[in-house]
Amino acid sequence: MKWRREGSRIFIRLQLGDEVLSSLAEVAGREGVSGGWFSGIGAASEVELGYYHLDRKDYDRTLVEGDVEFASASGSLGLVDGKPFVHLHAVVSDRESITRGGHLFRAVTGATLEFVLLLADGPIERTRDEETGLNLWRV
Amino acid sequence: MKWRREGSRIFIRLQLGDEVLSSLAEVAGREGVSGGWFSGIGAASEVELGYYHLDRKDYDRTLVEGDVEFASASGSLGLVDGKPFVHLHAVVSDRESITRGGHLFRAVTGATLEFVLLLADGPIERTRDEETGLNLWRV
Amino acid sequence: MKWRREGSRIFIRLQLGDEVLSSLAEVAGREGVSGGWFSGIGAASEVELGYYHLDRKDYDRTLVEGDVEFASASGSLGLVDGKPFVHLHAVVSDRESITRGGHLFRAVTGATLEFVLLLADGPIERTRDEETGLNLWRV
């Protein structure tokens, strides 16, 4: 991955083969930031999407076949147990422009992925919430 | 809902049961802001989506069954008749990652919804446009 | 199109009949900017979406019938061969809220399209990358 930081924004280009969530977390770690908002587009493969069942506090997972466009990706940078945590949702599309979407568990960058990260002034901590079973923003 | 304001950005977490549009408008009202741009992700239920017919100046409405992920939500904060007005479009996805999308009329927050609101320097007024039958930005 | 610039942000309203990509590039040119990030929603027609085949370095194209909502549009403003270049991906939805998505080649504004453009401090140059066959960010 490559990136350019400008004050409170970072423009990030992921490269062929970069896993999306870990790469974005690595950029955050290397820049020393743990709060912000992502928006991105591009192409990827090995996309795994999730759907959360609030009643059983667990995700259904869908593995999307083949190469897809990232028609939309957005979400937050936070801090869980002292480490940068990336929470992204995505809409992906196939060669017939048919879409799938959900919580993003994993994706491997295709030709390119372009992201902007708008930084918060400080960390956005996420802590365990018993009612939902998730780590939620402590804003 | 809970939020943290930092200069020209507000990070907002909606909570289980919060109606999305009215809650975001309430945050805006309580912060005294009426211009800006939203981006958000999370989960919701009771989602009602719209499609605008320009010829008859009216919306078709689709009620999406069950709990869904908000794969994408974005749009603007403006001012209509002196009150904050939230204009969001969304893409939602079900347990098989199948998506629906459109103009957002209503949604009730599920486990969580995370939003960022990037504030404009001042209000973005919306006024009636006869050609389209909509309240449009006066930028 | 109409727009309001505020420091490092431009709020843009496209009007009925404006082609999206060329209009956004024209705003950028007239404001003398060539780096940034777009997010937008609204309605459009004559939407042409693309899917990139990395192996043959070419796009499949899908022409979406009729009028659609722009449920999501996002992407970057860059500089190619000295001129502003708009790279958008979109998710569009029809009257039954069924979605299509991908790389945006063309769209004509319907009732309205609202965009925000968050400016980078300087140009984001895109140059030819032989491995992918695309003009990629030089960040």
# chains A, B, ... in the order shown; residues from 1 in each chain; ligands from 1
call {"tool": "residues_around", "arguments": {"residues": "Ala28 (chain B)", "least_positions_apart": "6", "cutoff": "10 Å", "atoms": "only C-alpha atoms", "output": "list in words"}}
result
Ile10, Ser22, Ser34, Gly35, Gly36, Leu77, Gly78, Lys83, Pro84, Phe85, Val86, Leu117 and Leu119 of chain B
call {"tool": "write_last_selection", "arguments": {"atoms": "all heavy atoms", "output": "mmCIF file, in the first residue's frame"}}
result
data_model
loop_
_atom_site.group_PDB
_atom_site.id
_atom_site.type_symbol
_atom_site.label_atom_id
_atom_site.label_comp_id
_atom_site.auth_asym_id
_atom_site.auth_seq_id
_atom_site.Cartn_x
_atom_site.Cartn_y
_atom_site.Cartn_z
ATOM 1 N N ILE B 10 -18.940 15.808 13.116
ATOM 2 C CA ILE B 10 -19.632 15.192 14.243
ATOM 3 C C ILE B 10 -19.670 13.681 14.001
ATOM 4 O O ILE B 10 -20.114 13.237 12.938
ATOM 5 C CB ILE B 10 -21.074 15.725 14.409
ATOM 6 C CG1 ILE B 10 -21.078 17.263 14.487
ATOM 7 C CG2 ILE B 10 -21.721 15.145 15.657
ATOM 8 C CD1 ILE B 10 -22.477 17.877 14.638
ATOM 9 N N SER B 22 -35.014 11.063 11.834
ATOM 10 C CA SER B 22 -35.394 12.005 12.895
ATOM 11 C C SER B 22 -34.275 12.153 13.921
ATOM 12 O O SER B 22 -34.068 13.237 14.475
ATOM 13 C CB SER B 22 -36.697 11.555 13.561
ATOM 14 O OG SER B 22 -36.572 10.238 14.055
ATOM 15 N N SER B 34 -27.076 23.223 10.095
ATOM 16 C CA SER B 34 -28.066 22.890 9.067
ATOM 17 C C SER B 34 -27.443 22.853 7.676
ATOM 18 O O SER B 34 -28.090 23.169 6.685
ATOM 19 C CB SER B 34 -29.228 23.871 9.112
ATOM 20 O OG SER B 34 -28.762 25.190 9.105
ATOM 21 N N GLY B 35 -26.203 22.428 7.615
ATOM 22 C CA GLY B 35 -25.554 22.191 6.326
ATOM 23 C C GLY B 35 -24.430 21.191 6.514
ATOM 24 O O GLY B 35 -23.651 21.311 7.463
ATOM 25 N N GLY B 36 -24.370 20.182 5.625
ATOM 26 C CA GLY B 36 -23.274 19.229 5.735
ATOM 27 C C GLY B 36 -23.529 17.964 4.960
ATOM 28 O O GLY B 36 -24.484 17.885 4.171
ATOM 29 N N LEU B 77 -27.234 17.206 4.848
ATOM 30 C CA LEU B 77 -27.983 17.958 5.846
ATOM 31 C C LEU B 77 -28.274 19.326 5.250
ATOM 32 O O LEU B 77 -27.348 20.016 4.791
ATOM 33 C CB LEU B 77 -27.150 18.114 7.117
ATOM 34 C CG LEU B 77 -27.720 19.041 8.184
ATOM 35 C CD1 LEU B 77 -29.022 18.486 8.750
ATOM 36 C CD2 LEU B 77 -26.696 19.269 9.298
ATOM 37 N N GLY B 78 -29.543 19.690 5.229
ATOM 38 C CA GLY B 78 -29.911 20.988 4.694
ATOM 39 C C GLY B 78 -30.933 21.656 5.588
ATOM 40 O O GLY B 78 -31.195 21.198 6.715
ATOM 41 N N LYS B 83 -35.880 24.526 9.316
ATOM 42 C CA LYS B 83 -35.563 23.369 10.164
ATOM 43 C C LYS B 83 -34.562 22.441 9.480
ATOM 44 O O LYS B 83 -34.586 22.304 8.246
ATOM 45 C CB LYS B 83 -36.849 22.592 10.498
ATOM 46 C CG LYS B 83 -37.671 23.280 11.587
ATOM 47 C CD LYS B 83 -38.830 22.422 12.046
ATOM 48 C CE LYS B 83 -40.004 22.551 11.091
ATOM 49 N NZ LYS B 83 -41.260 22.009 11.639
ATOM 50 N N PRO B 84 -33.702 21.756 10.262
ATOM 51 C CA PRO B 84 -32.738 20.825 9.664
ATOM 52 C C PRO B 84 -33.471 19.719 8.924
ATOM 53 O O PRO B 84 -34.450 19.162 9.430
ATOM 54 C CB PRO B 84 -31.987 20.244 10.884
ATOM 55 C CG PRO B 84 -32.207 21.210 11.988
ATOM 56 C CD PRO B 84 -33.553 21.816 11.740
ATOM 57 N N PHE B 85 -32.985 19.417 7.725
ATOM 58 C CA PHE B 85 -33.600 18.394 6.885
ATOM 59 C C PHE B 85 -32.524 17.413 6.442
ATOM 60 O O PHE B 85 -31.481 17.817 5.910
ATOM 61 C CB PHE B 85 -34.260 19.044 5.664
ATOM 62 C CG PHE B 85 -34.875 18.052 4.718
ATOM 63 C CD1 PHE B 85 -36.153 17.548 4.948
ATOM 64 C CD2 PHE B 85 -34.179 17.605 3.600
ATOM 65 C CE1 PHE B 85 -36.727 16.620 4.082
ATOM 66 C CE2 PHE B 85 -34.747 16.677 2.729
ATOM 67 C CZ PHE B 85 -36.020 16.189 2.973
ATOM 68 N N VAL B 86 -32.769 16.118 6.666
ATOM 69 C CA VAL B 86 -31.795 15.080 6.337
ATOM 70 C C VAL B 86 -32.242 14.352 5.070
ATOM 71 O O VAL B 86 -33.348 13.812 5.014
ATOM 72 C CB VAL B 86 -31.662 14.076 7.507
ATOM 73 C CG1 VAL B 86 -30.718 12.943 7.137
ATOM 74 C CG2 VAL B 86 -31.189 14.800 8.768
ATOM 75 N N LEU B 117 -20.756 13.234 10.207
ATOM 76 C CA LEU B 117 -21.375 14.392 9.568
ATOM 77 C C LEU B 117 -20.296 15.452 9.386
ATOM 78 O O LEU B 117 -19.715 15.937 10.373
ATOM 79 C CB LEU B 117 -22.517 14.934 10.437
ATOM 80 C CG LEU B 117 -23.085 16.300 10.059
ATOM 81 C CD1 LEU B 117 -23.602 16.336 8.632
ATOM 82 C CD2 LEU B 117 -24.203 16.689 11.035
ATOM 83 N N LEU B 119 -19.531 19.080 8.440
ATOM 84 C CA LEU B 119 -20.336 20.298 8.442
ATOM 85 C C LEU B 119 -19.895 21.297 7.383
ATOM 86 O O LEU B 119 -18.698 21.476 7.137
ATOM 87 C CB LEU B 119 -20.245 20.965 9.815
ATOM 88 C CG LEU B 119 -20.818 20.140 10.962
ATOM 89 C CD1 LEU B 119 -20.530 20.826 12.291
ATOM 90 C CD2 LEU B 119 -22.311 19.934 10.774
#
call {"tool": "select_by_dssp", "arguments": {"residues": "chain B", "states": "strand (DSSP E or B)", "output": "ChimeraX atom specification"}}
result
/B:2-6,9-14,19,36-53,58-64,68-80,83-93,98-119,125-129,134-137
call {"tool": "write_last_selection", "arguments": {"atoms": "C-alpha atoms", "output": "compact mmCIF listing (two decimals), in the first residue's frame"}}
result
# COMPACT_ATOMS: atom_id res chain seq x y z
CA LYS B 2 -24.72 9.73 21.18
CA TRP B 3 -22.28 12.01 19.44
CA ARG B 4 -18.97 13.78 19.63
CA ARG B 5 -18.40 17.07 17.89
CA GLU B 6 -14.92 18.11 16.75
CA ARG B 9 -17.16 17.08 12.08
CA ILE B 10 -19.63 15.19 14.24
CA PHE B 11 -19.26 11.45 14.90
CA ILE B 12 -22.70 10.02 15.70
CA ARG B 13 -23.72 6.63 17.05
CA LEU B 14 -27.39 5.76 16.77
CA GLU B 19 -35.31 6.13 13.97
CA GLY B 36 -23.27 19.23 5.73
CA TRP B 37 -22.70 15.73 4.42
CA PHE B 38 -23.38 12.35 6.05
CA SER B 39 -21.81 8.94 5.57
CA GLY B 40 -22.87 5.95 7.65
CA ILE B 41 -22.93 2.17 8.07
CA GLY B 42 -24.49 -0.30 10.49
CA ALA B 43 -27.70 -2.27 10.83
CA ALA B 44 -31.41 -1.42 10.76
CA SER B 45 -34.96 -2.67 10.46
CA GLU B 46 -38.28 -1.22 9.19
CA VAL B 47 -36.44 0.23 6.19
CA GLU B 48 -38.57 2.10 3.70
CA LEU B 49 -36.97 3.02 0.37
CA GLY B 50 -38.20 5.38 -2.33
CA TYR B 51 -37.91 5.83 -6.08
CA TYR B 52 -38.89 9.19 -7.55
CA HIS B 53 -41.03 9.45 -10.67
CA ASP B 58 -44.21 11.25 -6.62
CA TYR B 59 -42.36 8.36 -5.01
CA ASP B 60 -42.84 4.62 -5.25
CA ARG B 61 -42.14 3.11 -1.85
CA THR B 62 -40.67 -0.29 -0.95
CA LEU B 63 -40.79 -1.66 2.57
CA VAL B 64 -37.80 -3.95 3.14
CA VAL B 68 -30.74 -5.61 7.27
CA GLU B 69 -27.21 -4.31 7.16
CA PHE B 70 -26.73 -0.71 6.07
CA ALA B 71 -24.07 -1.45 3.46
CA SER B 72 -23.98 2.26 2.60
CA ALA B 73 -25.79 5.40 3.63
CA SER B 74 -24.90 8.89 2.49
CA GLY B 75 -26.46 12.24 1.86
CA SER B 76 -26.90 15.77 2.98
CA LEU B 77 -27.98 17.96 5.85
CA GLY B 78 -29.91 20.99 4.69
CA LEU B 79 -32.45 23.52 5.85
CA VAL B 80 -36.13 23.47 4.82
CA LYS B 83 -35.56 23.37 10.16
CA PRO B 84 -32.74 20.83 9.66
CA PHE B 85 -33.60 18.39 6.88
CA VAL B 86 -31.80 15.08 6.34
CA HIS B 87 -31.67 13.69 2.77
CA LEU B 88 -30.20 10.17 2.77
CA HIS B 89 -29.91 7.41 0.20
CA ALA B 90 -29.04 3.91 1.32
CA VAL B 91 -28.06 0.45 0.17
CA VAL B 92 -29.18 -2.31 2.52
CA SER B 93 -28.35 -6.02 2.44
CA ILE B 98 -28.62 -9.41 -1.46
CA THR B 99 -29.03 -5.65 -1.76
CA ARG B 100 -31.82 -3.10 -2.17
CA GLY B 101 -31.35 0.63 -2.48
CA GLY B 102 -32.88 4.06 -2.92
CA HIS B 103 -34.07 7.21 -1.22
CA LEU B 104 -34.42 6.57 2.51
CA PHE B 105 -37.84 7.37 4.00
CA ARG B 106 -37.46 5.56 7.29
CA ALA B 107 -35.26 3.09 9.17
CA VAL B 108 -34.95 1.98 12.77
CA THR B 109 -31.46 1.41 14.13
CA GLY B 110 -30.43 -2.20 14.79
CA ALA B 111 -27.34 -3.18 16.79
CA THR B 112 -25.65 0.09 15.86
CA LEU B 113 -25.34 2.75 13.20
CA GLU B 114 -22.18 4.82 12.91
CA PHE B 115 -22.28 8.14 11.06
CA VAL B 116 -19.94 10.97 10.37
CA LEU B 117 -21.37 14.39 9.57
CA LEU B 118 -19.03 16.82 7.79
CA LEU B 119 -20.34 20.30 8.44
CA GLU B 125 -31.02 25.95 2.12
CA ARG B 126 -33.44 23.83 0.12
CA THR B 127 -36.31 25.53 -1.67
CA ARG B 128 -39.15 24.33 -3.85
CA ASP B 129 -38.29 23.74 -7.50
CA LEU B 134 -38.63 18.74 -5.07
CA ASN B 135 -36.90 20.94 -2.53
CA LEU B 136 -33.46 21.46 -4.09
CA TRP B 137 -30.18 22.83 -2.80
call {"tool": "closest_residue", "arguments": {"among": "A:Glu31, A:Glu65, A:Asp121, A:Glu130", "to": "chain B", "atoms": "only C-alpha atoms"}}
result
A:Asp121
call {"tool": "atom_distance", "arguments": {"atom1": "CA of Gln15 (chain A)", "atom2": "CA of Asp94 (chain A)"}}
result
19.8 Å
call {"tool": "closest_residue", "arguments": {"among": "B:Gly66, B:Met1, B:Ser8, B:Ser97", "to": "chain A", "atoms": "only C-alpha atoms"}}
result
B:Ser97
call {"tool": "closest_residue", "arguments": {"among": "B:Gly32, B:Arg95, B:Gly82, B:Leu16", "to": "chain A", "atoms": "only C-alpha atoms"}}
result
B:Arg95
call {"tool": "decode", "arguments": {"residues": "region 16-120 of chain B", "atoms": "C-alpha atoms", "output": "PDB file, in the first residue's frame"}}
result
ATOM      1  CA  LEU B  16     -31.035   0.255  19.052  1.00  0.00           C
ATOM      2  CA  GLY B  17     -34.506   1.596  18.281  1.00  0.00           C
ATOM      3  CA  ASP B  18     -33.519   5.117  17.157  1.00  0.00           C
ATOM      4  CA  GLU B  19     -35.307   6.133  13.970  1.00  0.00           C
ATOM      5  CA  VAL B  20     -32.521   7.234  11.628  1.00  0.00           C
ATOM      6  CA  LEU B  21     -33.744  10.395   9.885  1.00  0.00           C
ATOM      7  CA  SER B  22     -35.394  12.005  12.895  1.00  0.00           C
ATOM      8  CA  SER B  23     -32.439  11.156  15.143  1.00  0.00           C
ATOM      9  CA  LEU B  24     -29.890  12.683  12.771  1.00  0.00           C
ATOM     10  CA  ALA B  25     -32.087  15.773  12.412  1.00  0.00           C
ATOM     11  CA  GLU B  26     -32.314  16.008  16.195  1.00  0.00           C
ATOM     12  CA  VAL B  27     -28.515  15.902  16.561  1.00  0.00           C
ATOM     13  CA  ALA B  28     -28.269  18.673  13.964  1.00  0.00           C
ATOM     14  CA  GLY B  29     -30.866  20.758  15.763  1.00  0.00           C
ATOM     15  CA  ARG B  30     -29.213  20.337  19.133  1.00  0.00           C
ATOM     16  CA  GLU B  31     -25.841  21.297  17.652  1.00  0.00           C
ATOM     17  CA  GLY B  32     -27.368  24.261  15.798  1.00  0.00           C
ATOM     18  CA  VAL B  33     -26.158  23.127  12.351  1.00  0.00           C
ATOM     19  CA  SER B  34     -28.066  22.890   9.067  1.00  0.00           C
ATOM     20  CA  GLY B  35     -25.554  22.191   6.326  1.00  0.00           C
ATOM     21  CA  GLY B  36     -23.274  19.229   5.735  1.00  0.00           C
ATOM     22  CA  TRP B  37     -22.702  15.728   4.416  1.00  0.00           C
ATOM     23  CA  PHE B  38     -23.383  12.347   6.052  1.00  0.00           C
ATOM     24  CA  SER B  39     -21.811   8.945   5.566  1.00  0.00           C
ATOM     25  CA  GLY B  40     -22.870   5.955   7.646  1.00  0.00           C
ATOM     26  CA  ILE B  41     -22.926   2.168   8.075  1.00  0.00           C
ATOM     27  CA  GLY B  42     -24.495  -0.304  10.488  1.00  0.00           C
ATOM     28  CA  ALA B  43     -27.700  -2.269  10.827  1.00  0.00           C
ATOM     29  CA  ALA B  44     -31.408  -1.420  10.761  1.00  0.00           C
ATOM     30  CA  SER B  45     -34.963  -2.668  10.456  1.00  0.00           C
ATOM     31  CA  GLU B  46     -38.282  -1.216   9.193  1.00  0.00           C
ATOM     32  CA  VAL B  47     -36.438   0.226   6.190  1.00  0.00           C
ATOM     33  CA  GLU B  48     -38.573   2.101   3.697  1.00  0.00           C
ATOM     34  CA  LEU B  49     -36.968   3.023   0.369  1.00  0.00           C
ATOM     35  CA  GLY B  50     -38.198   5.380  -2.334  1.00  0.00           C
ATOM     36  CA  TYR B  51     -37.909   5.833  -6.079  1.00  0.00           C
ATOM     37  CA  TYR B  52     -38.885   9.191  -7.546  1.00  0.00           C
ATOM     38  CA  HIS B  53     -41.035   9.448 -10.666  1.00  0.00           C
ATOM     39  CA  LEU B  54     -40.105  12.758 -12.182  1.00  0.00           C
ATOM     40  CA  ASP B  55     -43.074  12.651 -14.564  1.00  0.00           C
ATOM     41  CA  ARG B  56     -45.699  12.330 -11.842  1.00  0.00           C
ATOM     42  CA  LYS B  57     -43.612  13.991  -9.119  1.00  0.00           C
ATOM     43  CA  ASP B  58     -44.214  11.246  -6.621  1.00  0.00           C
ATOM     44  CA  TYR B  59     -42.359   8.356  -5.009  1.00  0.00           C
ATOM     45  CA  ASP B  60     -42.840   4.617  -5.249  1.00  0.00           C
ATOM     46  CA  ARG B  61     -42.135   3.109  -1.853  1.00  0.00           C
ATOM     47  CA  THR B  62     -40.670  -0.291  -0.950  1.00  0.00           C
ATOM     48  CA  LEU B  63     -40.790  -1.662   2.569  1.00  0.00           C
ATOM     49  CA  VAL B  64     -37.800  -3.955   3.137  1.00  0.00           C
ATOM     50  CA  GLU B  65     -38.647  -6.985   5.290  1.00  0.00           C
ATOM     51  CA  GLY B  66     -36.709  -7.869   8.408  1.00  0.00           C
ATOM     52  CA  ASP B  67     -33.327  -6.817   9.745  1.00  0.00           C
ATOM     53  CA  VAL B  68     -30.738  -5.613   7.273  1.00  0.00           C
ATOM     54  CA  GLU B  69     -27.205  -4.306   7.157  1.00  0.00           C
ATOM     55  CA  PHE B  70     -26.730  -0.710   6.071  1.00  0.00           C
ATOM     56  CA  ALA B  71     -24.069  -1.449   3.461  1.00  0.00           C
ATOM     57  CA  SER B  72     -23.985   2.257   2.595  1.00  0.00           C
ATOM     58  CA  ALA B  73     -25.788   5.404   3.626  1.00  0.00           C
ATOM     59  CA  SER B  74     -24.897   8.894   2.485  1.00  0.00           C
ATOM     60  CA  GLY B  75     -26.464  12.244   1.863  1.00  0.00           C
ATOM     61  CA  SER B  76     -26.895  15.772   2.982  1.00  0.00           C
ATOM     62  CA  LEU B  77     -27.983  17.958   5.846  1.00  0.00           C
ATOM     63  CA  GLY B  78     -29.911  20.988   4.694  1.00  0.00           C
ATOM     64  CA  LEU B  79     -32.451  23.525   5.849  1.00  0.00           C
ATOM     65  CA  VAL B  80     -36.133  23.467   4.821  1.00  0.00           C
ATOM     66  CA  ASP B  81     -38.544  26.049   6.201  1.00  0.00           C
ATOM     67  CA  GLY B  82     -36.021  26.934   8.890  1.00  0.00           C
ATOM     68  CA  LYS B  83     -35.563  23.369  10.164  1.00  0.00           C
ATOM     69  CA  PRO B  84     -32.738  20.825   9.664  1.00  0.00           C
ATOM     70  CA  PHE B  85     -33.600  18.394   6.885  1.00  0.00           C
ATOM     71  CA  VAL B  86     -31.795  15.080   6.337  1.00  0.00           C
ATOM     72  CA  HIS B  87     -31.667  13.688   2.773  1.00  0.00           C
ATOM     73  CA  LEU B  88     -30.201  10.172   2.766  1.00  0.00           C
ATOM     74  CA  HIS B  89     -29.909   7.413   0.201  1.00  0.00           C
ATOM     75  CA  ALA B  90     -29.039   3.910   1.325  1.00  0.00           C
ATOM     76  CA  VAL B  91     -28.056   0.447   0.166  1.00  0.00           C
ATOM     77  CA  VAL B  92     -29.185  -2.311   2.516  1.00  0.00           C
ATOM     78  CA  SER B  93     -28.354  -6.024   2.442  1.00  0.00           C
ATOM     79  CA  ASP B  94     -29.988  -9.143   3.827  1.00  0.00           C
ATOM     80  CA  ARG B  95     -28.621 -12.380   5.306  1.00  0.00           C
ATOM     81  CA  GLU B  96     -27.696 -13.647   1.856  1.00  0.00           C
ATOM     82  CA  SER B  97     -25.955 -10.326   1.093  1.00  0.00           C
ATOM     83  CA  ILE B  98     -28.622  -9.413  -1.464  1.00  0.00           C
ATOM     84  CA  THR B  99     -29.034  -5.651  -1.757  1.00  0.00           C
ATOM     85  CA  ARG B 100     -31.820  -3.102  -2.167  1.00  0.00           C
ATOM     86  CA  GLY B 101     -31.348   0.632  -2.482  1.00  0.00           C
ATOM     87  CA  GLY B 102     -32.878   4.061  -2.918  1.00  0.00           C
ATOM     88  CA  HIS B 103     -34.067   7.205  -1.218  1.00  0.00           C
ATOM     89  CA  LEU B 104     -34.418   6.567   2.510  1.00  0.00           C
ATOM     90  CA  PHE B 105     -37.835   7.368   3.999  1.00  0.00           C
ATOM     91  CA  ARG B 106     -37.458   5.562   7.290  1.00  0.00           C
ATOM     92  CA  ALA B 107     -35.263   3.092   9.170  1.00  0.00           C
ATOM     93  CA  VAL B 108     -34.953   1.977  12.770  1.00  0.00           C
ATOM     94  CA  THR B 109     -31.459   1.406  14.129  1.00  0.00           C
ATOM     95  CA  GLY B 110     -30.433  -2.197  14.793  1.00  0.00           C
ATOM     96  CA  ALA B 111     -27.339  -3.185  16.787  1.00  0.00           C
ATOM     97  CA  THR B 112     -25.654   0.086  15.864  1.00  0.00           C
ATOM     98  CA  LEU B 113     -25.337   2.746  13.201  1.00  0.00           C
ATOM     99  CA  GLU B 114     -22.181   4.824  12.907  1.00  0.00           C
ATOM    100  CA  PHE B 115     -22.279   8.139  11.064  1.00  0.00           C
ATOM    101  CA  VAL B 116     -19.938  10.971  10.369  1.00  0.00           C
ATOM    102  CA  LEU B 117     -21.375  14.392   9.568  1.00  0.00           C
ATOM    103  CA  LEU B 118     -19.026  16.815   7.793  1.00  0.00           C
ATOM    104  CA  LEU B 119     -20.336  20.298   8.442  1.00  0.00           C
ATOM    105  CA  ALA B 120     -20.616  23.083   5.917  1.00  0.00           C
TER     106      ALA B 120
END
